[in-house]
$ cat work32.cif   # mmCIF, C-alpha atoms
data_entry
loop_
_atom_site.label_atom_id
_atom_site.label_comp_id
_atom_site.auth_asym_id
_atom_site.auth_seq_id
_atom_site.Cartn_x
_atom_site.Cartn_y
_atom_site.Cartn_z
CA MET G 1 -7.20 18.96 7.10
CA THR G 2 -8.71 22.20 5.79
CA ALA G 3 -8.34 22.92 2.08
CA LEU G 4 -7.34 26.47 1.20
CA VAL G 5 -9.19 26.69 -2.12
CA ARG G 6 -11.21 29.75 -2.99
CA PRO G 7 -14.66 28.88 -4.41
CA GLU G 8 -13.89 30.53 -7.76
CA GLU G 9 -10.62 28.60 -8.20
CA PRO G 10 -10.68 25.22 -9.96
CA LEU G 11 -8.74 22.60 -8.03
CA TRP G 12 -7.36 20.89 -11.14
CA GLY G 13 -5.98 22.34 -14.37
CA ASP G 14 -4.86 20.80 -17.63
CA GLY G 15 -1.09 21.34 -17.35
CA PRO G 16 1.34 19.86 -14.80
CA ASP G 17 1.95 23.22 -13.10
CA GLU G 18 -1.77 23.79 -12.63
CA GLN G 19 -2.29 20.25 -11.33
CA VAL G 20 0.55 20.55 -8.81
CA ALA G 21 -0.73 24.00 -7.78
CA GLY G 22 -4.13 22.46 -7.10
CA VAL G 23 -2.56 19.88 -4.79
CA LEU G 24 -0.54 22.54 -2.98
CA ARG G 25 -3.70 24.52 -2.21
CA LEU G 26 -4.77 21.66 0.05
CA LEU G 27 -2.13 22.69 2.60
CA PRO G 28 -1.76 25.77 4.80
CA PRO G 29 1.32 27.95 4.19
CA VAL G 30 4.54 28.47 6.10
CA ASP G 31 7.04 31.29 5.56
CA LEU G 32 10.73 30.72 4.84
CA ALA G 33 12.01 31.88 8.23
CA THR G 34 9.72 29.48 10.10
CA LEU G 35 10.57 26.63 7.75
CA ASP G 36 14.34 27.15 8.13
CA ALA G 37 14.03 27.42 11.90
CA GLY G 38 12.06 24.20 12.14
CA ALA G 39 13.53 21.99 9.41
CA SER G 40 16.76 23.26 7.88
CA LEU G 41 18.12 19.72 7.29
CA LEU G 42 21.53 20.34 5.74
CA THR G 43 22.48 16.90 7.12
CA ARG G 44 19.85 14.27 6.41
CA VAL G 45 18.78 11.02 4.79
CA ASP G 46 17.38 11.50 1.28
CA ARG G 47 14.91 9.27 -0.54
CA LYS G 48 13.66 10.07 -4.06
CA TYR G 49 10.48 9.00 -5.80
CA VAL G 50 9.01 9.59 -9.26
CA VAL G 51 5.22 9.50 -9.05
CA PRO G 52 2.16 10.59 -11.05
CA VAL G 53 0.53 13.84 -9.97
CA GLU G 54 -2.52 11.85 -8.81
CA THR G 55 -0.29 9.91 -6.39
CA LEU G 56 1.01 13.23 -5.08
CA ARG G 57 -2.59 14.29 -4.40
CA ARG G 58 -3.31 11.04 -2.56
CA LEU G 59 -0.19 11.56 -0.47
CA VAL G 60 -1.03 15.16 0.46
CA VAL G 61 -4.59 14.40 1.56
CA SER G 62 -3.20 11.61 3.79
CA LEU G 63 -0.65 13.78 5.60
CA SER G 64 -1.28 14.85 9.18
CA ASP G 65 -2.23 18.42 10.04
CA GLU G 66 1.33 19.40 11.01
CA TRP G 67 2.44 19.61 7.35
CA ARG G 68 2.76 22.99 5.62
CA VAL G 69 3.79 24.27 2.18
CA LEU G 70 6.39 27.00 1.74
CA GLU G 71 4.83 30.23 0.48
CA ILE G 72 6.75 33.40 -0.42
CA ASP G 73 4.96 36.51 -1.71
CA GLY G 74 1.90 34.42 -2.53
CA ARG G 75 3.88 31.86 -4.58
CA ARG G 76 4.22 28.18 -3.76
CA GLN G 77 6.23 26.98 -6.77
CA PHE G 78 9.66 28.41 -7.55
CA GLY G 79 12.10 28.19 -10.42
CA TYR G 80 15.47 26.49 -9.91
CA ALA G 81 18.34 26.52 -12.42
CA SER G 82 21.44 24.51 -11.52
CA THR G 83 24.81 24.09 -13.23
CA TYR G 84 26.72 20.93 -12.27
CA PHE G 85 30.50 20.79 -12.44
CA ASP G 86 32.86 17.86 -12.94
CA THR G 87 36.40 17.08 -13.95
CA THR G 88 37.42 16.56 -17.58
CA ASP G 89 37.19 12.78 -17.11
CA LEU G 90 33.87 13.04 -15.17
CA LEU G 91 35.23 11.94 -11.81
CA THR G 92 32.02 12.63 -9.87
CA TYR G 93 29.81 10.90 -12.46
CA ARG G 94 32.02 7.80 -12.33
CA ALA G 95 31.94 7.83 -8.53
CA HIS G 96 28.12 7.70 -8.62
CA LEU G 97 28.17 5.07 -11.37
CA GLN G 98 30.46 2.86 -9.26
CA ARG G 99 28.48 3.52 -6.06
CA ARG G 100 31.49 4.80 -4.20
CA ARG G 101 30.63 5.42 -0.58
CA ARG G 102 32.37 8.81 -0.37
CA ARG G 103 30.89 10.50 -3.44
CA TYR G 104 29.76 14.08 -3.99
CA LYS G 105 28.37 16.65 -6.42
CA VAL G 106 29.33 20.28 -7.02
CA ARG G 107 26.78 22.72 -8.42
CA VAL G 108 25.86 26.37 -8.65
CA ARG G 109 22.14 26.80 -8.03
CA ARG G 110 20.17 29.91 -8.99
CA TYR G 111 16.86 30.54 -7.27
CA VAL G 112 15.14 32.08 -10.27
CA ASP G 113 12.39 34.04 -8.50
CA SER G 114 14.76 35.83 -6.11
CA ASP G 115 17.85 35.70 -8.38
CA ASP G 116 19.91 34.46 -5.43
CA CYS G 117 22.75 32.10 -6.29
CA MET G 118 24.67 29.54 -4.20
CA LEU G 119 27.67 27.31 -4.71
CA GLU G 120 26.73 23.96 -3.14
CA VAL G 121 28.66 20.79 -2.35
CA LYS G 122 26.57 17.69 -1.59
CA SER G 123 28.43 14.67 -0.24
CA LYS G 124 27.48 11.17 0.84
CA GLY G 125 29.16 9.74 3.86
CA PHE G 126 28.70 7.73 7.03
CA ARG G 127 25.52 5.60 7.05
CA GLY G 128 24.33 7.14 3.79
CA LEU G 129 23.83 10.61 5.26
CA THR G 130 23.73 13.51 2.80
CA VAL G 131 25.65 16.61 3.91
CA LYS G 132 25.19 19.88 2.02
CA LYS G 133 27.48 22.88 2.40
CA ARG G 134 26.93 26.11 0.51
CA THR G 135 28.13 29.67 0.09
CA PRO G 136 26.81 32.67 -1.88
CA HIS G 137 27.95 32.81 -5.50
CA PRO G 138 27.74 35.65 -8.08
CA VAL G 139 24.77 35.13 -10.37
CA THR G 140 26.88 36.43 -13.26
CA ARG G 141 29.27 33.45 -12.88
CA GLN G 142 26.86 30.53 -12.82
CA ALA G 143 29.03 28.50 -15.20
CA HIS G 144 32.42 29.39 -13.74
CA LEU G 145 34.37 28.51 -10.57
CA ASP G 146 37.46 30.50 -9.62
CA SER G 147 40.27 29.61 -7.21
CA ASP G 148 38.28 30.78 -4.18
CA ASP G 149 35.35 28.61 -5.23
CA LEU G 150 37.62 25.57 -5.65
CA ALA G 151 39.09 26.25 -2.21
CA PHE G 152 35.54 26.19 -0.77
CA VAL G 153 34.90 22.84 -2.49
CA THR G 154 38.11 21.40 -1.04
CA THR G 155 37.24 22.61 2.47
CA ALA G 156 33.67 21.31 2.20
CA LEU G 157 34.96 17.85 1.32
CA ARG G 158 37.59 17.73 4.04
CA ASP G 159 37.38 14.41 5.91
CA ARG G 160 34.51 13.33 3.63
CA ALA G 161 35.95 12.74 0.16
CA GLU G 162 39.01 13.39 -1.96
CA PRO G 163 38.69 16.81 -3.64
CA PRO G 164 38.79 16.99 -7.46
CA PRO G 165 42.33 16.80 -8.84
CA ASP G 166 41.95 19.55 -11.44
CA THR G 167 39.76 22.44 -12.53
CA LEU G 168 36.05 21.79 -12.50
CA HIS G 169 34.07 22.45 -15.69
CA PRO G 170 30.33 22.94 -16.26
CA VAL G 171 28.83 19.72 -17.61
CA VAL G 172 25.05 19.66 -17.10
CA VAL G 173 22.36 22.28 -16.57
CA THR G 174 19.03 21.42 -14.94
CA ASP G 175 15.84 23.47 -14.73
CA ASN G 176 12.73 22.73 -12.71
CA ARG G 177 9.87 24.14 -10.70
CA ARG G 178 9.95 23.24 -7.00
CA ALA G 179 7.55 23.29 -4.08
CA THR G 180 8.57 22.42 -0.53
CA LEU G 181 6.45 20.78 2.15
CA ALA G 182 7.58 20.62 5.77
CA SER G 183 6.56 18.89 8.96
CA LEU G 184 8.02 21.25 11.52
CA HIS G 185 7.40 18.94 14.48
CA SER G 186 9.21 15.90 13.05
CA ARG G 187 11.91 17.87 11.17
CA ALA G 188 11.07 16.41 7.78
CA ARG G 189 10.75 17.96 4.35
CA LEU G 190 9.38 16.85 1.03
CA THR G 191 10.29 18.68 -2.16
CA ILE G 192 8.20 18.40 -5.32
CA ASP G 193 9.93 18.99 -8.66
CA SER G 194 7.97 19.44 -11.89
CA ARG G 195 8.89 20.51 -15.43
CA LEU G 196 12.36 19.05 -14.90
CA SER G 197 14.88 19.17 -17.76
CA CYS G 198 18.50 17.98 -17.67
CA GLY G 199 21.18 18.38 -20.32
CA TRP G 200 23.47 20.80 -22.06
CA GLU G 201 22.51 23.31 -24.75
CA ASP G 202 20.07 21.56 -27.12
CA ALA G 203 20.82 18.00 -25.96
CA GLY G 204 19.06 16.46 -22.99
CA ILE G 205 15.88 15.07 -21.51
CA THR G 206 12.72 16.30 -19.84
CA LEU G 207 10.51 14.63 -17.24
CA ARG G 208 7.24 13.39 -18.72
CA ALA G 209 4.48 15.87 -17.94
CA GLU G 210 2.37 13.45 -15.89
CA TYR G 211 5.14 12.84 -13.32
CA VAL G 212 6.80 14.76 -10.48
CA VAL G 213 10.00 13.97 -8.60
CA LEU G 214 9.63 13.83 -4.82
CA GLU G 215 12.59 14.03 -2.47
CA SER G 216 12.02 13.10 1.15
CA LYS G 217 14.56 14.65 3.53
CA VAL G 218 14.57 13.58 7.15
CA GLN G 219 16.87 13.27 10.12
CA GLY G 220 16.73 9.70 11.36
CA ASN G 221 14.16 7.17 10.25
CA ALA G 222 11.63 7.37 7.42
CA SER G 223 9.23 10.30 7.56
CA GLU G 224 5.45 10.16 7.57
CA ALA G 225 5.56 10.94 3.83
CA ASP G 226 7.83 7.92 3.22
CA ARG G 227 5.45 5.65 5.10
CA ILE G 228 2.40 6.90 3.19
CA LEU G 229 4.17 6.53 -0.15
CA ARG G 230 4.95 2.95 0.74
CA THR G 231 1.27 2.23 1.41
CA LEU G 232 0.51 3.76 -2.01
CA GLY G 233 2.84 1.23 -3.61
CA GLU G 234 5.72 3.65 -4.26
CA ARG G 235 9.35 2.80 -3.57
CA PRO G 236 12.45 5.01 -3.70
CA VAL G 237 13.88 5.44 -7.20
CA ASP G 238 17.55 5.69 -8.13
CA ILE G 239 17.62 9.12 -9.73
CA SER G 240 20.17 11.93 -9.82
CA LYS G 241 19.48 15.03 -11.90
CA TYR G 242 23.17 15.34 -12.70
CA CYS G 243 23.69 11.68 -13.58
CA VAL G 244 20.63 11.33 -15.80
CA GLY G 245 21.70 14.55 -17.51
CA VAL G 246 25.16 13.15 -18.24
CA ALA G 247 23.65 9.85 -19.39
CA ALA G 248 21.36 11.75 -21.78
CA ILE G 249 24.10 13.80 -23.46
CA ARG G 250 26.79 11.11 -23.37
CA PRO G 251 25.25 7.88 -24.72
CA ASP G 252 28.78 6.49 -25.08
CA LEU G 253 29.10 6.24 -21.27
CA PRO G 254 27.72 3.45 -19.04
CA ASN G 255 24.37 4.36 -17.49
CA ASN G 256 23.19 1.08 -15.94
CA PRO G 257 21.87 2.50 -12.61
CA TRP G 258 19.62 5.02 -14.39
CA ARG G 259 18.68 3.21 -17.62
CA ARG G 260 15.23 2.07 -16.42
CA THR G 261 14.51 5.50 -14.90
CA LEU G 262 15.44 7.21 -18.18
CA ARG G 263 13.21 4.94 -20.27
CA ARG G 264 10.21 5.10 -17.96
CA TYR G 265 10.04 8.71 -16.84
CA PHE G 266 11.90 10.90 -19.36
CA GLU G 267 11.75 11.86 -23.01
CA SER G 268 14.18 13.64 -25.29
CA LEU G 269 14.10 17.42 -25.36
CA ALA G 270 13.89 17.09 -29.13
CA SER G 271 10.61 15.10 -28.89
#
$ encode --input "work32.cif" --output "structure tokens"
Amino acid sequence: MTALVRPEEPLWGDGPDEQVAGVLRLLPPVDLATLDAGASLLTRVDRKYVVPVETLRRLVVSLSDEWRVLEIDGRRQFGYASTYFDTTDLLTYRAHLQRRRRRYKVRVRRYVDSDDCMLEVKSKGFRGLTVKKRTPHPVTRQAHLDSDDLAFVTTALRDRAEPPPDTLHPVVVTDNRRATLASLHSRARLTIDSRLSCGWEDAGITLRAEYVVLESKVQGNASEADRILRTLGERPVDISKYCVGVAAIRPDLPNNPWRRTLRRYFESLAS
């Protein structure tokens, strides 16, 4: 694999963004149109990992030559800001807490660098497949869903889950930087999230600086990235940005599935 590092550029920096950027320079780029044509993956199997940046480097140097990193206008890391919605009694949080098979999340995601905005519905269904449906959403209404938006949510969940019984309210906001790797031949992706924070207003948590969240997305069996991570001693972690955000701002609620993840990988925003 050929590293794309200019001689005058240091590979490693002091901060997490600089360290992740150094890893990303080890891969050749791919543009968005090619990536979407080769590995759109709106229906897939997801596996999440929380790993040190050094483990990310070891993973990337072990990948085959077919892997690329998304690059747009010279940038390889992009800002994401998401608002998650739930019912007054936190129906979707409770569904995840109870491991209901037909569970889902509703969010409005803003792609900070382009200022595009999408309303997205992610649902779990048959054989653990994740299905994502989305539609453009006004950036001026990131924290609001109107009747048309609720109708889209209901349609997106048809035959997959019961739609929410009442109006959806904003509950948690997440912010992170994301990079996307893709193996266009095997239709697999790996996203890399750094500087992740989850919460509401001044309450919440942030991912410890030495870690990144990886999400492997593949159609079918485990991807090459999953297999390499296993050889590096990493196993999938039970983590949901929305659920850890709720657990952080509502300590009165049960949080058993994410308690170990919260203690090990996150710290309070007030720290």
$ closest_residue --input "work32.cif" --among "G:Glu267, G:Asp73, G:Asp65, G:Asp193" --to "Pro52 (chain G)" --atoms "all atoms listed in the file"
G:Asp193
$ resolve_selection --input "work32.cif" --expression "the PyMOL selection byres ((chain G and resi 171) around 6)" --output "JSON, numbers by chain"
{"G": [84, 85, 170, 172]}
$ resolve_selection --input "work32.cif" --expression "the PyMOL selection byres ((chain G and resi 207-214) around 6)" --output "CSV table (one decimal) with C-alpha atoms, in the coordinates of the input"
chain,number,residue,atom,x,y,z
G,16,PRO,CA,1.3,19.9,-14.8
G,48,LYS,CA,13.7,10.1,-4.1
G,49,TYR,CA,10.5,9.0,-5.8
G,50,VAL,CA,9.0,9.6,-9.3
G,51,VAL,CA,5.2,9.5,-9.0
G,52,PRO,CA,2.2,10.6,-11.0
G,53,VAL,CA,0.5,13.8,-10.0
G,191,THR,CA,10.3,18.7,-2.2
G,192,ILE,CA,8.2,18.4,-5.3
G,193,ASP,CA,9.9,19.0,-8.7
G,194,SER,CA,8.0,19.4,-11.9
G,196,LEU,CA,12.4,19.0,-14.9
G,206,THR,CA,12.7,16.3,-19.8
G,215,GLU,CA,12.6,14.0,-2.5
G,265,TYR,CA,10.0,8.7,-16.8
G,266,PHE,CA,11.9,10.9,-19.4
$ residues_around --input "work32.cif" --residues "Arg103 (chain G)" --least-positions-apart "3" --cutoff "12 Å" --atoms "all atoms listed in the file" --output "list in words"
Leu91, Thr92, Tyr93, Arg94, Ala95, His96, Leu97, Gln98, Arg99, Arg100, Val106, Val121, Lys122, Ser123, Lys124, Gly125, Phe126, Gly128, Leu129, Thr130, Val131, Leu157, Arg160, Ala161, Glu162, Pro163 and Pro164 of chain G
$ resolve_selection --input "work32.cif" --expression "the PyMOL selection byres ((chain G and resi 119) around 10)" --output "PyMOL selection string"
chain G and resi 82-84+106-110+117-118+120-121+133-138+142+145+149+152-153
$ closest_residue --input "work32.cif" --among "G:Asp238, G:Glu18, G:Asp175, G:Asp89" --to "Leu253 (chain G)" --atoms "only C-alpha atoms"
G:Asp89
$ closest_residue --input "work32.cif" --among "G:Lys105, G:His185, G:Ala81, G:Cys198" --to "Val139 (chain G)" --atoms "all atoms listed in the file"
G:Ala81
